[in-house]
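Worksheet for the structure shown next.
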Amino acid sequence: MRSTIASAAALTAALALTVTACSSSGSSAPDAGKRGTGAASAVASAKVDYNPQPYNNIKDGGTYTTPGTFDDQGNPFNANATLTATRVWFWYNPDVITYSPTGEVQYNPDYLSDVKVTVNGGNQRVILTLNPKATYNDGTPINWKAVKATWQANNGTDKDYNASNTEGYRNITSVTRGTDDKQAVIDFKGVDPWWSSLFTTFLHPKAATVAHFNDAYVKKAHPEWGAGPYTVGTFDTKSGNLTFVRNPKWWGKKGKLDKRIYVNLDSAAAINAFKNGQVDYASTGSAEDLKQISGVNGTEIRRGGSPFEYSLYVNAKSTALKDIQVRKALLESIDRAQIAKIQFQGLDYSEALPGSALLYSFQKGYSDNVSSVVKYAPDDAKKILDAAGWKAGSDGIRQKNGAKLTVGYTLLGDDPLDKATANAFAAMLKPVGIQVDIKKADEADFSKILSERDFDLFLSGNRSTDPFGARYLYQFYGTDSDSNLTGTGTPDLDREIHAASQISDAGKQTAQANTIERKELAQYAFLPLFSGPSIYAVKKGLANVGATIFATPLPETVGWQK
């Protein structure tokens with residue numbers, strides 16, 4: 001799944017919850033990105049830096065405390081969920097399939113005893129044999145019914161499920177019992193090269209009803225429906241503070257930590273908490289943050305590539321932006337290089353401008369689709385608006401039928417870097433005659449803003465949580481996808497996306513996804529802006545935490561190095 005993260009200021013808050021990561025198939029260089037302030041790198045960095053340590057090299061005991069803000073929806077399959085939900089879920093629910101830093105699939109033997117994939121008559125069959133010991137905390141066996149429940153809740157057949165991404169699941173024709181209850185037989189129409197991303201975790205069958213899928217995890221945790229080395233110790237819904245403790249019902253290797261604690265802090269407070277020794281980890285989203293944290297005794301700065309992408313979303317349903325010509329002029333007025341320069345100032349980092357929402361530039365199959373569709377051409381933007389009947393008024397702002405061409409830009413929080421970015425957008429759009437009203441909102445309103453599409457312009461990001469970018473074409477661009485924040489798309493393009501998802505060859509499917517993405521980008525409502533580095537301050541000795549790219553170290557391996 002792809003997890004939405006906060007807009008650029010709240011990106012610091014969102015990153016603060018990030019312990020591990022994962023995003024599309026293909027090889028990556030050990031460090032494909034260039035450092036320094038010279039020419040932009042040909043590709044984004046694929047460097048990892050997280051102090052990887054084997055289980056036996058981790059001390060038994062200790063506490064790991066991190067800052068973070070918490071959103072309402074805790075079910076990561078739900079369209080209203082963000083990165084926070086994914087990260088919290090990871091600590092008390094089944095982690096069935098994970099990925100290496102370069103995206104290789106890893107099956108967790110605590111859940112899967114065997115995996116077989118066959119193709120017969122052009123149709124794929126996946127047989128998952130589940131660990132006999134695998135059991136939910138309420139005593140329910142983790143068996144073929146959990147696999148079936150996960151599929152049924154996400155396959156799009158029942159529109160009442162507010163599912164984040166139905167693509168892939170919709171190509172499954174059945175999930176049935178195998179030789180016994182501990183074997184799930186998954187039959188596909190055609191071949192799905194990305195099938196593993198569909199079952200990285202399982203929903204408890206009780207959590208897979210419409211009512212529970214949509215609402216049971218709203219401001220609530222359900223440890224009884226979970227499984228794993230840790231379970232919820234305390235969850236204060238008022239403060240947002242959350243503690244995980246070892247799970248006495250776990251059948252695998254016990255978690256190394258005594259406790260894992262999330263403290264509900266916004267981005268500014270998180271930096272101060274790290275400086276004061278209250279937390280063990282903090283994300284540094286700006287040069288100023290990095291400067292403050294770098295001098296703290298006993299601190300390591302871990303720095304690597306990023307499976308994140310931050311983009312400008314244009315709400316095509318808002319009054320001023322319904323006209324595609326207005327949206328095209330708006331995007332052609334934005335200097336993406338200048339936005340990246342603002343974001344990376346003082347970080348000694350550069351990267352090529354991102355060209356896709358699907359893949360990163362260090363991945364096989366990546367294509368710079370953005371540059372083939374959207375160009376920075378403010379003079380052309382003026383001509384487009386002229387032709388569309390928008391005439392400049394005495395104040396320079398364009399008008400049509402008595403209405404000014406004014407759009408809102410929703411800014412979360414008080415981060416100076418985000419304020420500078422918002423002001424840069426306003427300064428870029430004003431010369432072409434588009435007025436930008438910057439509207440302040442609280443970081444806590446992030447999920448609500450997205451779910452209600454309560455914005456004109458909004459800078460937000462996505463983190464890849466599996467290595468198969470082409471699978472997320474429909475999530476980003478499908479007309480009835482709840483994760484399509486722009487409101488664009490067409491039925492014809494939907495059909496093209498669904499047809500592409502049934503291409504069995506991974507390389508050919510990715511190539512077709514790139515072709516379709518260029519058509520979607522030509523609706524001028526979505527503009528990838530930057531990825532950036534992953535920079536984390538951690539206390540020395542913390543193992544398996546930091547810049548992991550696509551890797552997902554299991555919770556039981558996180559702790560303090562011997």
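Chain labels A, B, ... are given in the sequence in which chains occur in the structure tokens; within each chain residues are numbered consecutively from 1, and ligands are likewise numbered from 1 in the order shown.
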
Contacts of segment 323-404 of chain A with segment 515-534 of chain A up to 6 Å, shortest pair per row, only C-alpha atoms, as JSON lines:
{"residue": "A:Arg327", "atom": "CA", "partner": "A:Tyr524", "partner_atom": "CA", "distance": 5.5}
{"residue": "A:Lys328", "atom": "CA", "partner": "A:Tyr524", "partner_atom": "CA", "distance": 5.2}
{"residue": "A:Arg336", "atom": "CA", "partner": "A:Leu529", "partner_atom": "CA", "distance": 5.9}
{"residue": "A:Pro354", "atom": "CA", "partner": "A:Phe530", "partner_atom": "CA", "distance": 5.9}
{"residue": "A:Asn369", "atom": "CA", "partner": "A:Arg518", "partner_atom": "CA", "distance": 5.5}

Where does DSSP see strand (DSSP E) in segment 250-379 of chain A, if you list the residues as a compact mmCIF listing (two decimals) with N, CA, C and O atoms, in the first residue's frame?
# COMPACT_ATOMS: atom_id res chain seq x y z
N LYS A 259 9.64 -1.92 26.15
CA LYS A 259 8.56 -1.02 25.74
C LYS A 259 8.97 -0.23 24.50
O LYS A 259 10.13 0.09 24.31
N ARG A 260 7.96 0.08 23.69
CA ARG A 260 8.13 0.98 22.57
C ARG A 260 7.05 2.05 22.73
O ARG A 260 5.85 1.76 22.78
N ILE A 261 7.45 3.32 22.82
CA ILE A 261 6.53 4.39 23.20
C ILE A 261 6.46 5.45 22.12
O ILE A 261 7.48 5.91 21.61
N TYR A 262 5.24 5.83 21.76
CA TYR A 262 4.98 7.00 20.92
C TYR A 262 4.48 8.13 21.82
O TYR A 262 3.54 7.93 22.59
N VAL A 263 5.11 9.30 21.73
CA VAL A 263 4.67 10.47 22.47
C VAL A 263 4.12 11.47 21.47
O VAL A 263 4.79 11.84 20.50
N ASN A 264 2.91 11.92 21.71
CA ASN A 264 2.23 12.79 20.75
C ASN A 264 2.78 14.21 20.81
O ASN A 264 2.39 15.01 21.67
N TYR A 281 14.68 9.48 19.12
CA TYR A 281 14.68 9.54 17.65
C TYR A 281 13.90 10.77 17.23
O TYR A 281 12.90 11.12 17.84
N ALA A 282 14.37 11.44 16.19
CA ALA A 282 13.62 12.56 15.64
C ALA A 282 14.00 12.74 14.18
O ALA A 282 15.15 12.54 13.80
N SER A 283 13.04 13.11 13.38
CA SER A 283 13.30 13.44 11.99
C SER A 283 13.74 14.89 11.90
O SER A 283 13.22 15.76 12.60
N THR A 299 24.54 11.53 19.98
CA THR A 299 23.62 11.50 18.85
C THR A 299 24.33 11.06 17.57
O THR A 299 25.47 11.43 17.32
N GLU A 300 23.65 10.25 16.80
CA GLU A 300 24.08 9.91 15.44
C GLU A 300 23.10 10.52 14.45
O GLU A 300 21.89 10.48 14.67
N ILE A 301 23.62 11.09 13.37
CA ILE A 301 22.77 11.57 12.28
C ILE A 301 22.81 10.51 11.19
O ILE A 301 23.86 10.22 10.62
N ARG A 302 21.66 9.90 10.93
CA ARG A 302 21.56 8.86 9.90
C ARG A 302 20.86 9.46 8.68
O ARG A 302 19.77 10.01 8.79
N ARG A 303 21.53 9.29 7.56
CA ARG A 303 21.11 10.03 6.38
C ARG A 303 21.13 9.13 5.16
O ARG A 303 22.11 8.43 4.91
N GLY A 304 20.04 9.10 4.43
CA GLY A 304 19.99 8.25 3.25
C GLY A 304 18.92 8.72 2.28
O GLY A 304 18.40 9.84 2.36
N PHE A 308 9.87 8.65 -0.22
CA PHE A 308 8.80 9.64 -0.13
C PHE A 308 8.75 10.45 -1.42
O PHE A 308 9.76 10.64 -2.09
N GLU A 309 7.56 10.97 -1.70
CA GLU A 309 7.44 11.95 -2.77
C GLU A 309 6.39 12.97 -2.37
O GLU A 309 5.28 12.61 -1.98
N TYR A 310 6.77 14.23 -2.46
CA TYR A 310 5.89 15.33 -2.08
C TYR A 310 5.40 16.01 -3.35
O TYR A 310 6.19 16.30 -4.26
N SER A 311 4.10 16.25 -3.42
CA SER A 311 3.48 16.74 -4.65
C SER A 311 2.47 17.83 -4.34
O SER A 311 1.92 17.90 -3.23
N LEU A 312 2.21 18.64 -5.34
CA LEU A 312 1.15 19.64 -5.25
C LEU A 312 -0.13 19.03 -5.82
O LEU A 312 -0.16 18.58 -6.96
N TYR A 313 -1.17 19.03 -4.99
CA TYR A 313 -2.49 18.54 -5.41
C TYR A 313 -3.38 19.72 -5.74
O TYR A 313 -3.49 20.66 -4.95
N VAL A 314 -4.03 19.66 -6.89
CA VAL A 314 -4.93 20.71 -7.35
C VAL A 314 -6.34 20.14 -7.36
O VAL A 314 -6.61 19.15 -8.05

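Minimum atom-to-atom distances from A:Gly546, A:Thr150, A:Lys220, A:Ala513 to Lys238 of chain A were compared using only C-alpha atoms, and the lowest value belongs to A:Lys220.
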
Could you list, with a cut-off of 12 Å and counting only C-alpha atoms, the residues of segment 442-501 of chain A near segment 168-188 of chain A, each shown with its nearest atom pair and the distance in Å rounded to one decimal, rows sorted by chain and ascending number, as CSV?
residue,atom,partner,partner_atom,distance
A:Phe468,CA,A:Gly168,CA,11.1
A:Ala470,CA,A:Gly168,CA,10.5
A:Arg471,CA,A:Gly168,CA,7.0
A:Tyr472,CA,A:Gly168,CA,9.2
A:Leu473,CA,A:Gly168,CA,10.7
A:Tyr474,CA,A:Gly168,CA,9.8
A:Gln475,CA,A:Gly168,CA,10.7
A:Ile497,CA,A:Gly168,CA,11.0
A:His498,CA,A:Asn171,CA,9.0
A:Ala499,CA,A:Asn171,CA,10.3
A:Ala500,CA,A:Gly168,CA,10.7
A:Ser501,CA,A:Gly168,CA,7.0

Using the selection just defined, write its residues with all heavy atoms as a tab-separated table (two decimals), in the first residue's frame.
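Saved file part-v9.tsv follows:
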chain	number	residue	atom	x	y	z
A	468	PHE	N	6.27	-1.93	-5.38
A	468	PHE	CA	5.62	-2.18	-6.67
A	468	PHE	C	4.82	-0.95	-7.13
A	468	PHE	O	3.59	-0.92	-7.02
A	468	PHE	CB	4.71	-3.40	-6.58
A	468	PHE	CG	5.40	-4.61	-6.02
A	468	PHE	CD1	4.94	-5.21	-4.87
A	468	PHE	CD2	6.53	-5.13	-6.63
A	468	PHE	CE1	5.59	-6.32	-4.33
A	468	PHE	CE2	7.18	-6.24	-6.11
A	468	PHE	CZ	6.71	-6.84	-4.96
A	470	ALA	N	3.88	0.40	-10.00
A	470	ALA	CA	2.86	0.35	-11.05
A	470	ALA	C	1.49	-0.03	-10.50
A	470	ALA	O	0.46	0.34	-11.07
A	470	ALA	CB	3.28	-0.62	-12.14
A	471	ARG	N	1.47	-0.75	-9.38
A	471	ARG	CA	0.19	-1.18	-8.82
A	471	ARG	C	-0.63	-0.01	-8.29
A	471	ARG	O	-1.84	-0.15	-8.09
A	471	ARG	CB	0.44	-2.19	-7.68
A	471	ARG	CG	-0.86	-2.85	-7.22
A	471	ARG	CD	-0.59	-4.00	-6.29
A	471	ARG	NE	-0.51	-3.63	-4.90
A	471	ARG	CZ	-1.57	-3.37	-4.12
A	471	ARG	NH1	-2.79	-3.39	-4.64
A	471	ARG	NH2	-1.43	-3.08	-2.86
A	472	TYR	N	-0.02	1.14	-8.11
A	472	TYR	CA	-0.71	2.26	-7.47
A	472	TYR	C	-1.25	3.28	-8.46
A	472	TYR	O	-1.69	4.36	-8.08
A	472	TYR	CB	0.21	2.90	-6.43
A	472	TYR	CG	0.48	1.90	-5.36
A	472	TYR	CD1	1.61	1.08	-5.42
A	472	TYR	CD2	-0.45	1.67	-4.35
A	472	TYR	CE1	1.82	0.10	-4.48
A	472	TYR	CE2	-0.24	0.68	-3.41
A	472	TYR	CZ	0.89	-0.10	-3.48
A	472	TYR	OH	1.07	-1.09	-2.55
A	473	LEU	N	-1.26	2.90	-9.72
A	473	LEU	CA	-1.78	3.79	-10.75
A	473	LEU	C	-3.23	4.16	-10.48
A	473	LEU	O	-3.62	5.33	-10.55
A	473	LEU	CB	-1.64	3.11	-12.12
A	473	LEU	CG	-1.84	3.97	-13.36
A	473	LEU	CD1	-0.80	5.08	-13.42
A	473	LEU	CD2	-1.74	3.10	-14.61
A	474	TYR	N	-4.04	3.16	-10.15
A	474	TYR	CA	-5.46	3.45	-9.92
A	474	TYR	C	-5.66	4.21	-8.61
A	474	TYR	O	-6.54	5.06	-8.51
A	474	TYR	CB	-6.28	2.16	-9.91
A	474	TYR	CG	-7.77	2.43	-10.05
A	474	TYR	CD1	-8.32	2.63	-11.31
A	474	TYR	CD2	-8.60	2.54	-8.95
A	474	TYR	CE1	-9.66	2.92	-11.46
A	474	TYR	CE2	-9.95	2.83	-9.09
A	474	TYR	CZ	-10.47	3.01	-10.35
A	474	TYR	OH	-11.80	3.33	-10.50
A	475	GLN	N	-4.87	3.89	-7.58
A	475	GLN	CA	-5.01	4.60	-6.31
A	475	GLN	C	-4.83	6.10	-6.50
A	475	GLN	O	-5.58	6.91	-5.95
A	475	GLN	CB	-4.00	4.08	-5.31
A	475	GLN	CG	-4.09	4.77	-3.95
A	475	GLN	CD	-3.16	4.18	-2.91
A	475	GLN	OE1	-2.61	3.10	-3.11
A	475	GLN	NE2	-2.96	4.87	-1.82
A	497	ILE	N	-6.27	1.59	-17.10
A	497	ILE	CA	-5.56	1.21	-15.89
A	497	ILE	C	-5.88	-0.23	-15.52
A	497	ILE	O	-4.98	-1.03	-15.20
A	497	ILE	CB	-5.91	2.15	-14.72
A	497	ILE	CG1	-5.37	3.56	-14.99
A	497	ILE	CG2	-5.34	1.62	-13.41
A	497	ILE	CD1	-5.83	4.59	-13.98
A	498	HIS	N	-7.16	-0.58	-15.56
A	498	HIS	CA	-7.55	-1.95	-15.22
A	498	HIS	C	-6.93	-2.96	-16.19
A	498	HIS	O	-6.50	-4.05	-15.77
A	498	HIS	CB	-9.07	-2.09	-15.23
A	498	HIS	CG	-9.77	-1.28	-14.17
A	498	HIS	ND1	-9.23	-1.07	-12.93
A	498	HIS	CD2	-10.98	-0.64	-14.18
A	498	HIS	CE1	-10.06	-0.34	-12.20
A	498	HIS	NE2	-11.12	-0.06	-12.94
A	499	ALA	N	-6.88	-2.61	-17.46
A	499	ALA	CA	-6.28	-3.50	-18.46
A	499	ALA	C	-4.78	-3.65	-18.19
A	499	ALA	O	-4.22	-4.76	-18.28
A	499	ALA	CB	-6.52	-2.97	-19.87
A	500	ALA	N	-4.13	-2.56	-17.84
A	500	ALA	CA	-2.68	-2.62	-17.56
A	500	ALA	C	-2.39	-3.50	-16.36
A	500	ALA	O	-1.37	-4.20	-16.34
A	500	ALA	CB	-2.14	-1.21	-17.32
A	501	SER	N	-3.28	-3.49	-15.37
A	501	SER	CA	-3.03	-4.28	-14.15
A	501	SER	C	-3.04	-5.77	-14.43
A	501	SER	O	-2.59	-6.55	-13.59
A	501	SER	CB	-4.08	-3.93	-13.09
A	501	SER	OG	-5.35	-4.49	-13.40

*Residue neighbourhood Thr118 of chain A, 10 Å, only C-alpha atoms, exclusion window fewer than 4 positions, as a list in words*: Gly122, Asn123, Gln124, Arg125, Val126, Ile127, Asp187 and Val191 of chain A

_Nearest candidate to Lys59 of chain A (options A:Pro555, A:Gly240, A:Gly255, A:Gly74; using only C-alpha atoms)_ = A:Gly255
